[in-house]
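Colleague: One file is attached below, start-v7.csv, containing CSV, C-alpha atoms.
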chain,number,residue,atom,x,y,z
A,3,ASP,CA,8.8,-61.2,-45.9
A,4,PRO,CA,5.4,-62.4,-47.0
A,5,ARG,CA,3.7,-59.6,-45.1
A,6,MET,CA,5.0,-57.1,-47.7
A,7,ASN,CA,2.4,-58.5,-50.1
A,8,MET,CA,-0.5,-58.0,-47.8
A,9,PRO,CA,-3.3,-55.7,-49.3
A,10,ALA,CA,-2.9,-52.1,-48.2
A,11,GLU,CA,-6.1,-52.0,-46.3
A,12,VAL,CA,-5.3,-54.9,-44.0
A,13,ALA,CA,-2.4,-53.9,-41.7
A,14,PRO,CA,0.0,-56.7,-40.7
A,15,ALA,CA,-1.5,-58.3,-37.5
A,16,PRO,CA,0.6,-57.8,-34.4
A,17,SER,CA,2.0,-61.0,-33.0
A,18,ARG,CA,-0.3,-60.7,-30.0
A,19,THR,CA,-3.3,-60.6,-32.4
A,20,GLU,CA,-2.0,-63.6,-34.3
A,21,GLU,CA,-1.5,-65.5,-31.0
A,22,LYS,CA,-5.1,-64.6,-30.0
A,23,MET,CA,-6.5,-65.9,-33.2
A,24,ALA,CA,-4.4,-69.0,-33.0
A,25,GLU,CA,-5.5,-69.7,-29.5
A,26,ARG,CA,-9.1,-69.3,-30.6
A,27,LEU,CA,-8.5,-71.7,-33.5
A,28,GLU,CA,-7.3,-74.4,-31.0
A,29,THR,CA,-10.7,-74.3,-29.2
A,30,LEU,CA,-12.7,-75.0,-32.4
A,31,ASP,CA,-13.6,-78.2,-34.1
A,32,PRO,CA,-11.2,-78.6,-37.0
A,33,GLY,CA,-14.0,-79.8,-39.2
A,34,SER,CA,-16.3,-76.9,-38.5
A,35,LYS,CA,-17.1,-73.9,-40.7
A,36,ARG,CA,-16.0,-71.5,-38.0
A,37,HIS,CA,-12.6,-73.2,-37.9
A,38,GLN,CA,-12.3,-73.1,-41.6
A,39,VAL,CA,-13.1,-69.3,-41.9
A,40,LEU,CA,-10.7,-68.4,-39.1
A,41,THR,CA,-7.9,-70.5,-40.7
A,42,THR,CA,-8.3,-68.7,-44.0
A,43,ALA,CA,-8.3,-65.3,-42.2
A,44,LEU,CA,-4.9,-66.2,-40.8
A,45,ASP,CA,-3.9,-67.2,-44.3
A,46,PHE,CA,-5.3,-64.0,-45.9
A,47,LYS,CA,-2.0,-62.7,-47.1
A,48,ARG,CA,-1.7,-65.6,-49.5
A,49,SER,CA,-5.2,-65.6,-51.0
A,50,TRP,CA,-8.0,-63.1,-50.5
A,51,VAL,CA,-10.3,-65.1,-52.7
A,52,ARG,CA,-10.5,-68.0,-50.3
A,53,LEU,CA,-11.3,-65.8,-47.4
A,54,ALA,CA,-13.8,-63.8,-49.5
A,55,ARG,CA,-15.6,-66.9,-50.4
A,56,HIS,CA,-16.0,-68.0,-46.8
A,57,LEU,CA,-17.1,-64.6,-45.7
A,58,ALA,CA,-19.7,-64.4,-48.5
A,59,ASP,CA,-21.0,-67.8,-47.3
A,60,VAL,CA,-21.1,-66.8,-43.7
A,61,LYS,CA,-22.8,-63.5,-44.4
A,62,ARG,CA,-25.4,-65.1,-46.7
A,63,SER,CA,-26.2,-68.0,-44.3
A,64,GLY,CA,-26.1,-65.9,-41.1
A,65,GLU,CA,-24.1,-68.6,-39.3
A,66,PHE,CA,-22.3,-65.8,-37.4
A,67,THR,CA,-25.4,-65.6,-35.2
A,68,GLU,CA,-24.9,-69.2,-34.1
A,69,TRP,CA,-21.4,-68.2,-32.9
A,70,GLY,CA,-22.6,-65.4,-30.6
A,71,TYR,CA,-22.5,-62.4,-32.9
A,72,LYS,CA,-25.5,-60.3,-33.7
A,73,LYS,CA,-24.0,-58.7,-36.8
A,74,PHE,CA,-21.7,-60.0,-39.6
A,75,GLU,CA,-19.5,-56.9,-39.2
A,76,ALA,CA,-19.0,-57.6,-35.5
A,77,TYR,CA,-17.9,-61.2,-36.2
A,78,ALA,CA,-15.4,-60.0,-38.9
A,79,LYS,CA,-14.0,-57.4,-36.6
A,80,GLU,CA,-13.8,-59.3,-33.3
A,81,GLU,CA,-12.9,-62.8,-34.5
A,82,LEU,CA,-11.1,-62.3,-37.8
A,83,HIS,CA,-9.6,-58.9,-37.0
A,84,LEU,CA,-10.9,-57.4,-40.2
A,85,ARG,CA,-12.2,-53.8,-40.5
A,86,ARG,CA,-15.9,-53.4,-41.4
A,87,ASP,CA,-15.0,-51.9,-44.8
A,88,THR,CA,-12.5,-54.6,-45.6
A,89,ALA,CA,-14.9,-57.4,-44.8
A,90,LEU,CA,-17.7,-55.9,-46.9
A,91,LYS,CA,-15.4,-55.1,-49.8
A,92,LEU,CA,-14.2,-58.7,-49.8
A,93,VAL,CA,-17.8,-60.0,-49.9
A,94,ARG,CA,-18.8,-57.6,-52.7
A,95,SER,CA,-15.7,-58.4,-54.7
A,96,TYR,CA,-16.4,-62.1,-54.4
A,97,ASP,CA,-20.0,-61.8,-55.3
A,98,PHE,CA,-19.0,-59.7,-58.4
A,99,LEU,CA,-16.6,-62.4,-59.5
A,100,ALA,CA,-19.2,-65.1,-59.0
A,101,SER,CA,-21.8,-63.2,-60.9
A,102,HIS,CA,-19.8,-61.7,-63.8
A,103,GLU,CA,-16.4,-63.4,-63.9
A,104,SER,CA,-17.3,-67.0,-63.2
A,105,PRO,CA,-14.7,-68.7,-65.4
A,106,ARG,CA,-11.9,-66.7,-63.8
A,107,LEU,CA,-13.2,-67.5,-60.3
A,108,GLN,CA,-13.6,-71.2,-61.1
A,109,ALA,CA,-10.0,-71.3,-62.4
A,110,VAL,CA,-8.7,-69.8,-59.2
A,111,GLU,CA,-10.8,-72.0,-56.9
A,112,HIS,CA,-10.4,-75.3,-58.7
A,113,GLY,CA,-6.7,-75.3,-59.6
A,114,GLY,CA,-5.1,-75.4,-63.0
A,115,GLU,CA,-3.1,-72.4,-64.1
A,116,PRO,CA,-5.3,-69.4,-63.4
A,117,GLU,CA,-4.4,-65.8,-64.3
A,118,PRO,CA,-3.6,-63.8,-61.2
A,119,LEU,CA,-6.6,-61.8,-60.0
A,120,PRO,CA,-6.5,-58.1,-59.3
A,121,SER,CA,-6.7,-56.9,-55.7
A,122,TYR,CA,-10.1,-57.0,-54.1
A,123,GLN,CA,-10.0,-53.2,-53.7
A,124,ALA,CA,-9.8,-52.8,-57.5
A,125,ILE,CA,-12.5,-55.4,-58.1
A,126,ASP,CA,-14.8,-53.7,-55.6
A,127,ILE,CA,-14.5,-50.4,-57.4
A,128,LEU,CA,-15.1,-52.2,-60.7
A,129,ALA,CA,-18.3,-53.7,-59.2
A,130,GLU,CA,-19.5,-50.2,-58.4
A,131,ALA,CA,-18.5,-48.9,-61.9
A,132,ARG,CA,-20.7,-51.6,-63.5
A,133,GLN,CA,-23.7,-50.0,-61.8
A,134,ASN,CA,-22.7,-46.5,-62.6
A,135,PRO,CA,-25.5,-45.0,-64.9
A,136,TYR,CA,-23.1,-42.4,-66.2
A,137,LEU,CA,-20.5,-44.9,-67.5
A,138,SER,CA,-21.0,-46.2,-71.0
A,139,GLU,CA,-20.7,-49.9,-71.7
A,140,ASP,CA,-17.6,-49.2,-73.9
A,141,ALA,CA,-15.9,-47.1,-71.1
A,142,TYR,CA,-16.7,-49.8,-68.5
A,143,ARG,CA,-15.3,-52.5,-70.7
A,144,GLU,CA,-12.0,-50.6,-71.2
A,145,ILE,CA,-11.7,-50.1,-67.5
A,146,HIS,CA,-12.6,-53.7,-66.8
A,147,ASP,CA,-9.9,-55.0,-69.2
A,148,GLN,CA,-7.3,-52.7,-67.8
A,149,VAL,CA,-8.1,-53.8,-64.2
A,150,PHE,CA,-7.7,-57.5,-65.1
A,151,ARG,CA,-4.7,-56.9,-67.3
A,152,ASP,CA,-2.6,-54.5,-65.2
A,153,ASP,CA,-4.1,-54.8,-61.7
A,154,PRO,CA,-3.7,-51.0,-61.1
A,155,PRO,CA,-4.0,-49.6,-57.6
A,156,ALA,CA,-7.5,-48.9,-56.3
A,157,ASN,CA,-7.0,-45.1,-56.5
A,158,VAL,CA,-6.1,-45.4,-60.2
A,159,VAL,CA,-9.2,-47.4,-60.9
A,160,ARG,CA,-11.4,-44.9,-59.2
A,161,LYS,CA,-9.8,-42.1,-61.1
A,162,LEU,CA,-10.4,-43.9,-64.4
A,163,VAL,CA,-14.1,-44.3,-63.5
A,164,ARG,CA,-14.4,-40.6,-62.6
A,165,GLN,CA,-12.7,-39.5,-65.8
A,166,ASN,CA,-14.9,-41.6,-68.0
A,167,ALA,CA,-18.2,-41.2,-66.3
A,168,GLU,CA,-20.3,-38.8,-68.4
A,169,VAL,CA,-22.1,-37.0,-65.6
A,170,PRO,CA,-24.5,-34.4,-67.1
A,171,GLU,CA,-23.7,-30.9,-66.1
A,172,LYS,CA,-26.2,-29.2,-63.8
A,173,PRO,CA,-28.1,-26.5,-65.7
A,174,LYS,CA,-26.7,-23.1,-64.9
A,175,GLU,CA,-29.1,-20.7,-63.3
A,176,ASP,CA,-30.0,-17.8,-65.5
A,177,ASP,CA,-27.6,-15.0,-64.7
A,178,ARG,CA,-30.3,-12.3,-64.6
A,179,ALA,CA,-32.4,-14.4,-62.1
A,180,ALA,CA,-29.3,-14.9,-60.0
A,181,ARG,CA,-28.6,-11.2,-59.9
A,182,LEU,CA,-32.2,-10.4,-59.1
A,183,ARG,CA,-32.3,-12.9,-56.3
A,184,LYS,CA,-29.1,-11.4,-54.8
A,185,ALA,CA,-30.6,-7.9,-55.1
A,186,LEU,CA,-33.8,-9.1,-53.4
A,187,SER,CA,-31.9,-10.6,-50.5
A,188,LEU,CA,-30.0,-7.3,-49.9
A,189,ALA,CA,-33.3,-5.3,-50.2
A,190,GLU,CA,-35.0,-7.5,-47.7
A,191,ARG,CA,-32.2,-7.0,-45.2
A,192,LEU,CA,-32.3,-3.3,-45.7
A,193,TYR,CA,-36.0,-3.2,-45.3
A,194,GLY,CA,-35.8,-5.2,-42.1
A,195,THR,CA,-33.1,-2.9,-40.7
A,196,LEU,CA,-35.2,0.2,-41.5
A,197,LEU,CA,-38.2,-1.2,-39.7
A,198,GLU,CA,-36.1,-1.8,-36.6
A,199,ASN,CA,-34.9,1.8,-36.5
A,200,GLU,CA,-36.9,5.1,-36.3
A,201,VAL,CA,-36.7,6.4,-39.9
A,202,PRO,CA,-39.3,8.4,-41.8
A,203,GLU,CA,-42.2,6.3,-43.1
A,204,THR,CA,-41.6,7.5,-46.6
A,205,ILE,CA,-38.2,5.8,-46.6
A,206,THR,CA,-39.5,2.4,-45.3
A,207,HIS,CA,-42.3,2.6,-47.8
A,208,SER,CA,-39.8,3.1,-50.6
A,209,ALA,CA,-37.8,0.1,-49.4
A,210,GLU,CA,-41.0,-2.0,-49.2
A,211,GLN,CA,-41.8,-1.0,-52.8
A,212,VAL,CA,-38.3,-2.1,-54.0
A,213,VAL,CA,-38.7,-5.5,-52.3
A,214,GLY,CA,-42.1,-6.0,-53.9
A,215,GLY,CA,-40.9,-4.9,-57.3
A,216,LEU,CA,-38.0,-7.3,-57.2
A,217,ARG,CA,-40.2,-10.2,-56.1
A,218,ARG,CA,-42.5,-9.6,-59.0
A,219,LEU,CA,-39.6,-9.6,-61.5
A,220,LEU,CA,-38.5,-13.0,-60.2
A,221,VAL,CA,-42.0,-14.4,-60.7
A,222,GLU,CA,-42.3,-13.1,-64.2
Represent the structure of the file as structure tokens.
Modeller:
Amino acid sequence: DPRMNMPAEVAPAPSRTEEKMAERLETLDPGSKRHQVLTTALDFKRSWVRLARHLADVKRSGEFTEWGYKKFEAYAKEELHLRRDTALKLVRSYDFLASHESPRLQAVEHGGEPEPLPSYQAIDILAEARQNPYLSEDAYREIHDQVFRDDPPANVVRKLVRQNAEVPEKPKEDDRAARLRKALSLAERLYGTLLENEVPETITHSAEQVVGGLRRLLVE
């Protein structure tokens, strides 16, 4: 069953949905851009690149507004039955290929014997990784090569990025300052409680001095 090869994020369309899309297709001019995009959406399980290219074109040109949709995401959801995240990932993945993997993309789009492309989910994560300031060029290149060589699942790619990103550790707060801040918080609560109750003034005065002393220590 060809549906078994459909990307995980795009659930198999129920027959009612397919019929609805097919009925819509019959009302459109076969030579129109709208007809072309809807056709490739129906054929999505065979080639995500073709659909991604059309989606990128439609989003960039804004043609969806001429078809009665205010937003690209609404067009993708209502007419193509694609989730918002799926449509945007497809566009980002295509733009990444067009910008950084042009020879691979051209081989896929213009025939010949192209190498199979990874899933759009994996490429979308790779596009994010390329912008990650904590990922070295060498680490990015290793992940890039593994993605195009092995086509690992998206969660594996994300894990690789996370493991190789050299995120600087947050400076640890001075232990003494942390203890003083905790003591000050407790002293302030005690002082507030004493003020709310009838206790000798000498006791509240002593608590006030403790609070003041702790505050001075933290400033020093």
Colleague: Which of these, A:Ala185, A:Ala100, A:Ile125, A:Leu137, has the shortest distance to Asn157 in chain A once you count all atoms listed in the file?
Modeller: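 Among A:Ala185, A:Ala100, A:Ile125, A:Leu137, it is A:Ile125 that comes nearest to Asn157 in chain A.
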Colleague: Please produce, as CSV, a per-residue contact table for range 103-153 of chain A versus range 50-55 of chain A (criterion: any atom at most 9 Å away, all atoms listed in the file considered), showing the nearest atom pair and its distance in Å to one decimal, sorted by chain then residue number.
Modeller:
residue,atom,partner,partner_atom,distance
A:Leu107,CA,A:Val51,CA,8.5
A:Val110,CA,A:Val51,CA,8.2
A:Glu111,CA,A:Arg52,CA,7.7
A:Leu119,CA,A:Val51,CA,8.8
A:Ser121,CA,A:Trp50,CA,8.2
A:Tyr122,CA,A:Trp50,CA,7.4
Colleague: I'd like the neighbourhood of Asp87 in chain A as an MDAnalysis selection string, where a residue qualifies if any of its atoms comes within 12 Å (using all atoms listed in the file), though same-chain residues fewer than 4 positions away should be ignored.
Modeller: chainID A and resid 11:12 74:76 78:79 83 91:95 122:123 126
Colleague: With all atoms listed in the file as the basis for distance, which of A:Ala124, A:Val213, A:Leu82, A:Val60 is at the shortest distance from Leu27 in chain A?
Modeller: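 Of the candidates, the smallest distance to Leu27 in chain A is held by A:Leu82.
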Colleague: Taking all atoms listed in the file into account, which of A:Arg178, A:Arg132, A:Lys184, A:Arg36 comes nearest Val163 in chain A?
Modeller: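 Among the listed residues, A:Arg132 lies closest to Val163 in chain A.
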Colleague: For Val158 in chain A, which of A:Leu192, A:Ala180, A:Thr67, A:Ile145 is the closest residue, counting all atoms listed in the file?
Modeller: A:Ile145
Colleague: Mind pulling up the distance from CA of Pro120 in chain A to CA of Arg151 in chain A?
Modeller: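 According to the coordinates, CA of Arg151 in chain A and CA of Pro120 in chain A are separated by 8.3 Å.
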Colleague: Mind checking which residues fall within 8 Å of Leu182 in chain A, counting all atoms listed in the file, ignoring those fewer than 3 positions away in the same chain, and posting them as a CSV table (one decimal) with C-alpha atoms, keeping the file's coordinate frame?
Modeller:
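Output saved as selection31.csv:
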chain,number,residue,atom,x,y,z
A,178,ARG,CA,-30.3,-12.3,-64.6
A,179,ALA,CA,-32.4,-14.4,-62.1
A,185,ALA,CA,-30.6,-7.9,-55.1
A,186,LEU,CA,-33.8,-9.1,-53.4
A,216,LEU,CA,-38.0,-7.3,-57.2
A,219,LEU,CA,-39.6,-9.6,-61.5
A,220,LEU,CA,-38.5,-13.0,-60.2
Colleague: Please, what distance in Å, to one decimal, runs between CA of Glu25 in chain A and CA of Ala89 in chain A?
Modeller: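 Distance reported for this atom pair: 21.8 Å.
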Colleague: Would you compute the distance between CA of Tyr96 in chain A and CA of Asp59 in chain A? Give it in Å to one decimal.
Modeller: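 One can read the CA of Tyr96 in chain A to CA of Asp59 in chain A distance as 10.2 Å.
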Colleague: Kindly indicate which residue among A:Val221, A:Ala209, A:Ala58, A:Leu84 lies nearest to Met23 in chain A, using all atoms listed in the file for the distances.
Modeller: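 With all atoms listed in the file as the atom set, the closest residue is A:Leu84.
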